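Scroll down for the structure; my scribbles are underneath it.
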Amino acid sequence: MADIAVTNIQPDRAAVASQWQLIWWAFRRHKLAMVALVVTVIMYIVAIIPGFFAINDPTLQNARATFHPPQQLHLIDTSNGFSFGLHYYPLKLTRDPETLAAIFKEDTTKRVDVSLFGRGYEYSVLGLFNSNIHLLASSDKTTPLLLFGADRLGRDVFSRTIQGAQISLSIGLVGVFFSLLLGIVLGGISGYYGGRLDFFIQRLIDFVLSLPTIPIWLAMAAALPQGWPAALQYMMITIILSLTGWAQLARVVRGRFLSLRTEEFVAAARLDGARESRIIFRHMLPSFASHIIASITLAVPAMILAETSLSFLGLGLQPPTISWGVLLREAQNIRSIATAPWLFMPGLAVVIAVMALNLLGDGLRDAADPYNK
């Protein structure tokens, strides 16, 4: 296996360390990648239990809160004496006497306390059990806390963005899993056996790579029936994204197999009577598993952007399914942009997720590169 550069690591530790330890030591020196790792872990924790982090029911409509602007949390209250405690003030609507434009001001006479790990609406935790415990809970249900404001139906944008993370982040992982499966199987067969099989698979890869990605996505997504249930839509969009994302990985795997099949450890395994499946999965694949992991990490944000783009254009997931792309469809017209710019907050979540995953992938790629200094 390739040696990993391990500057500033004691020689005796490096001599007995495994490949994964060397990669981790090199990865820790990449400060931005470490920050990205923390952000990525937090995002996926939120995606696993979005109901815990959401404040209000993301599907609940409130006609009195249409295009309600974002509210601020306060820690110190000076309007009613001096006291500490997490709270907010309801916004009072007034009108400009000349333009009749809506003006929202905090009503400091009505303090609403916010509790940590309080009780709110009931949600399901991974379909295993129900809970009503939330990280933040308002003491007054009639004046809900809207950290990111509300949309045209009065739904909480913050809670919907949190809920949308579950679909948008998971579709990246599931799509990459299918791409990984196709890429390793077809690329491994092509590189290990060669010959006519290699020629056929490479021409198939050339054909897939020559296809214009966005029009293909649009055509395949538009062919899906609009009346399908949300779960079936999710599965089909994931398959569509993975069908066009496996070719690059298959080519990388094929090149690695071509270079490894003549190595001495592979020849020794053959002479020892090892089955071909054992040679491939026990000896060859682990030798460049770190490169595959780095490729996967860089492919996840591409999947997230693809789902967001399709859903934004109305060809991906459909309401009532909540994803970041579906939420961004609320900000497609000029009125929404002028009236409620906070509807772009799901777009900010997409930017943070994609940047974090790209930085994480860059760090893993650099750490796994034996020639990186």
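Quick note on naming: the chains in the structure tokens go A, B, ... in the order shown, residues restart at 1 in each chain, and ligands are numbered from 1 in order of appearance.
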Item to check | Which of region 38-265 of chain A DSSP labels strand (DSSP E or B), written as a ChimeraX atom specification | outcome: /A:74-77,83-88,91-95,102-106,112-125,129-138,150,156
Name all residues at most 10 Å from region 207-211 of chain A (count only C-alpha atoms; drop same-chain ones fewer than 6 positions away) and give them as a compact mmCIF listing (two decimals) with N, CA and C atoms, in the first residue's frame.
```
# COMPACT_ATOMS: atom_id res chain seq x y z
N ILE A 201 -17.55 -2.19 -21.81
CA ILE A 201 -17.87 -1.34 -20.66
C ILE A 201 -17.32 0.07 -20.87
N LEU A 243 -27.88 7.05 -11.88
CA LEU A 243 -27.64 6.46 -13.19
C LEU A 243 -26.68 7.29 -14.05
N THR A 244 -26.60 8.58 -13.76
CA THR A 244 -25.70 9.44 -14.55
C THR A 244 -24.45 9.82 -13.77
N GLY A 245 -24.27 9.27 -12.57
CA GLY A 245 -23.13 9.69 -11.76
C GLY A 245 -22.09 8.62 -11.51
N TRP A 246 -22.24 7.43 -12.12
CA TRP A 246 -21.34 6.34 -11.81
C TRP A 246 -20.15 6.24 -12.76
N ALA A 247 -20.24 6.88 -13.91
CA ALA A 247 -19.25 6.64 -14.97
C ALA A 247 -17.84 7.11 -14.59
N GLN A 248 -17.73 8.30 -13.98
CA GLN A 248 -16.41 8.81 -13.61
C GLN A 248 -15.74 7.88 -12.61
```
Item to check | Nearby residues (only C-alpha atoms) at most 8 Å from Ile49 (chain A), same-chain spacing under 4 positions excluded, as number ranges by chain | outcome: A: 45, 53, 125-126
For Met43 (chain A), please output as a PDB file with C-alpha atoms, in the first residue's frame all residues within 9 Å (counting only C-alpha atoms; exclusion window: fewer than 3 positions along the same chain).
```pdb
ATOM      1  CA  VAL A  38     -17.730  19.212  12.340  1.00  0.00           C
ATOM      2  CA  VAL A  39     -20.272  21.113  10.207  1.00  0.00           C
ATOM      3  CA  THR A  40     -21.077  17.970   8.190  1.00  0.00           C
ATOM      4  CA  VAL A  46     -30.044  17.473  12.320  1.00  0.00           C
ATOM      5  CA  ALA A  47     -31.146  15.430   9.285  1.00  0.00           C
ATOM      6  CA  ILE A  48     -31.568  12.281  11.396  1.00  0.00           C
ATOM      7  CA  ALA A 165     -32.372  18.653   5.381  1.00  0.00           C
ATOM      8  CA  LEU A 169     -28.879  15.326   2.599  1.00  0.00           C
ATOM      9  CA  ALA A 353     -23.847  21.927   2.979  1.00  0.00           C
TER      10      ALA A 353
END
```
Select from region 124-149 of chain A every residue with an atom at most 8 Å from any atom of region 70-90 of chain A, then for each give the shortest pair of atoms and their distance in Å to one decimal, using only C-alpha atoms, rows by chain and rising number, as JSON lines.
```
{"residue": "A:Thr143", "atom": "CA", "partner": "A:Pro90", "partner_atom": "CA", "distance": 6.5}
{"residue": "A:Leu145", "atom": "CA", "partner": "A:Gln71", "partner_atom": "CA", "distance": 6.9}
{"residue": "A:Leu146", "atom": "CA", "partner": "A:Pro70", "partner_atom": "CA", "distance": 5.6}
{"residue": "A:Leu147", "atom": "CA", "partner": "A:Pro70", "partner_atom": "CA", "distance": 5.0}
{"residue": "A:Phe148", "atom": "CA", "partner": "A:Pro70", "partner_atom": "CA", "distance": 4.6}
{"residue": "A:Gly149", "atom": "CA", "partner": "A:Pro70", "partner_atom": "CA", "distance": 3.8}
```
Could you dump the residues just selected with C-alpha atoms as a short mmCIF file (atom, residue, chain, number, x, y, z; two decimals), in the first residue's frame?
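Result file follows (selection_27.cif):
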```
data_model
loop_
_atom_site.label_atom_id
_atom_site.label_comp_id
_atom_site.auth_asym_id
_atom_site.auth_seq_id
_atom_site.Cartn_x
_atom_site.Cartn_y
_atom_site.Cartn_z
CA THR A 143 -47.59 33.63 18.84
CA LEU A 145 -41.35 31.84 17.20
CA LEU A 146 -40.37 32.28 13.53
CA LEU A 147 -36.58 32.52 13.35
CA PHE A 148 -36.54 32.52 9.52
CA GLY A 149 -39.98 34.07 9.07
#
```
Next on the checklist: Taking 4 positions as the minimum chain separation for residues in the same chain, which residues sit within 8 Å of region 254-261 of chain A when counting only C-alpha atoms? Answer as JSON, numbers by chain.
Outcome noted: {"A": [187, 188, 189, 190, 191, 192, 250, 266, 267, 284, 288]}
Atoms to include: C-alpha atoms. Write the selected residues as a CSV table (one decimal), in the first residue's frame.
```
chain,number,residue,atom,x,y,z
A,187,GLY,CA,-15.1,-0.5,-13.3
A,188,GLY,CA,-13.7,-3.5,-11.4
A,189,ILE,CA,-14.9,-6.0,-14.0
A,190,SER,CA,-13.5,-3.8,-16.8
A,191,GLY,CA,-10.1,-3.4,-15.2
A,192,TYR,CA,-9.7,-6.9,-13.8
A,250,ALA,CA,-16.0,3.4,-12.8
A,266,VAL,CA,-2.2,-10.1,-6.5
A,267,ALA,CA,0.0,-12.7,-8.2
A,284,MET,CA,-7.3,-5.0,-4.4
A,288,PHE,CA,-7.3,2.3,-2.8
```
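Taking CA of Phe27 (chain A) as the reference point, CA of Met355 (chain A) is found at 17.1 Å.
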Next on the checklist: Can you tell me, as a VMD selection string, which residues in region 175-288 of chain A count as alpha helix (DSSP H) by DSSP?
Outcome noted: chain A and resid 175 to 193 195 to 210 213 to 222 230 to 243 247 to 260 264 to 271 276 to 278
Checklist entry - CA of Leu186 (chain A) and CA of Val252 (chain A) are how many Å apart? => result 10.9 Å
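Straight-line separation from CA of Leu91 (chain A) to CA of Lys105 (chain A): 5.2 Å.
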Next on the checklist: For Trp324 (chain A), find every residue with an atom within 9 Å (counting only C-alpha atoms), except residues of its own chain fewer than 5 positions away, and show them as a ChimeraX atom specification.
Outcome noted: /A:160-161,163-165,167-168,307-308,311-312,329,346-347,349-350
Using the selection just defined, write its residues with N, CA and C atoms as a tab-separated table (two decimals), in the first residue's frame.
```
chain	number	residue	atom	x	y	z
A	160	ARG	N	-39.21	24.26	8.35
A	160	ARG	CA	-39.27	23.58	7.06
A	160	ARG	C	-37.86	23.38	6.48
A	161	THR	N	-36.96	24.32	6.71
A	161	THR	CA	-35.57	24.15	6.26
A	161	THR	C	-34.91	23.00	7.01
A	163	GLN	N	-36.49	20.44	8.38
A	163	GLN	CA	-37.11	19.21	7.91
A	163	GLN	C	-36.60	18.85	6.51
A	164	GLY	N	-36.38	19.84	5.66
A	164	GLY	CA	-35.90	19.58	4.31
A	164	GLY	C	-34.51	19.00	4.27
A	165	ALA	N	-33.72	19.22	5.33
A	165	ALA	CA	-32.37	18.65	5.38
A	165	ALA	C	-32.41	17.13	5.33
A	167	ILE	N	-34.38	15.09	3.62
A	167	ILE	CA	-34.49	14.60	2.25
A	167	ILE	C	-33.25	14.99	1.44
A	168	SER	N	-32.87	16.26	1.48
A	168	SER	CA	-31.80	16.74	0.61
A	168	SER	C	-30.46	16.11	0.94
A	307	GLU	N	-30.51	17.37	-7.00
A	307	GLU	CA	-31.88	17.25	-6.47
A	307	GLU	C	-32.50	18.62	-6.26
A	308	THR	N	-31.70	19.56	-5.74
A	308	THR	CA	-32.21	20.91	-5.52
A	308	THR	C	-32.63	21.56	-6.83
A	311	SER	N	-35.90	19.83	-8.19
A	311	SER	CA	-37.08	20.20	-7.40
A	311	SER	C	-37.42	21.67	-7.58
A	312	PHE	N	-36.41	22.51	-7.71
A	312	PHE	CA	-36.64	23.94	-7.92
A	312	PHE	C	-37.37	24.19	-9.24
A	329	ARG	N	-38.69	26.75	-4.42
A	329	ARG	CA	-39.71	27.08	-5.43
A	329	ARG	C	-40.61	28.21	-4.95
A	346	PRO	N	-33.43	28.46	2.67
A	346	PRO	CA	-33.03	27.11	2.26
A	346	PRO	C	-31.86	27.11	1.28
A	347	GLY	N	-31.75	28.15	0.44
A	347	GLY	CA	-30.60	28.25	-0.45
A	347	GLY	C	-29.31	28.43	0.32
A	349	ALA	N	-28.77	27.17	3.25
A	349	ALA	CA	-28.48	25.83	3.77
A	349	ALA	C	-27.80	24.98	2.71
A	350	VAL	N	-28.23	25.09	1.46
A	350	VAL	CA	-27.59	24.35	0.36
A	350	VAL	C	-26.14	24.78	0.21
```
Checklist entry - Near Tyr123 (chain A), within 9 Å and counting only C-alpha atoms, which residues show up once chain neighbours fewer than 5 positions away are dropped, as a ChimeraX atom specification? => result /A:50-52,57,129-133
Residue subset to file, keeping N, CA and C atoms, as a JSON list (two decimals), in the first residue's frame:
```json
[["chain", "number", "residue", "atom", "x", "y", "z"],
["A", 50, "PRO", "N", -34.82, 15.75, 12.60],
["A", 50, "PRO", "CA", -35.16, 17.15, 12.35],
["A", 50, "PRO", "C", -36.26, 17.67, 13.27],
["A", 51, "GLY", "N", -37.17, 16.80, 13.69],
["A", 51, "GLY", "CA", -38.25, 17.25, 14.56],
["A", 51, "GLY", "C", -37.75, 17.80, 15.88],
["A", 52, "PHE", "N", -36.64, 17.28, 16.39],
["A", 52, "PHE", "CA", -36.09, 17.76, 17.66],
["A", 52, "PHE", "C", -35.57, 19.19, 17.52],
["A", 57, "ASP", "N", -44.43, 22.98, 13.87],
["A", 57, "ASP", "CA", -44.80, 21.95, 12.89],
["A", 57, "ASP", "C", -44.57, 22.51, 11.48],
["A", 129, "PHE", "N", -40.36, 5.67, 17.20],
["A", 129, "PHE", "CA", -41.22, 6.13, 18.29],
["A", 129, "PHE", "C", -41.50, 7.61, 18.09],
["A", 130, "ASN", "N", -42.47, 8.12, 18.82],
["A", 130, "ASN", "CA", -42.85, 9.52, 18.74],
["A", 130, "ASN", "C", -42.34, 10.28, 19.97],
["A", 131, "SER", "N", -42.07, 11.57, 19.76],
["A", 131, "SER", "CA", -41.60, 12.42, 20.85],
["A", 131, "SER", "C", -42.13, 13.83, 20.63],
["A", 132, "ASN", "N", -42.19, 14.62, 21.69],
["A", 132, "ASN", "CA", -42.57, 16.03, 21.58],
["A", 132, "ASN", "C", -41.54, 16.94, 22.25],
["A", 133, "ILE", "N", -40.33, 16.43, 22.47],
["A", 133, "ILE", "CA", -39.25, 17.21, 23.07],
["A", 133, "ILE", "C", -38.51, 17.94, 21.95]]
```
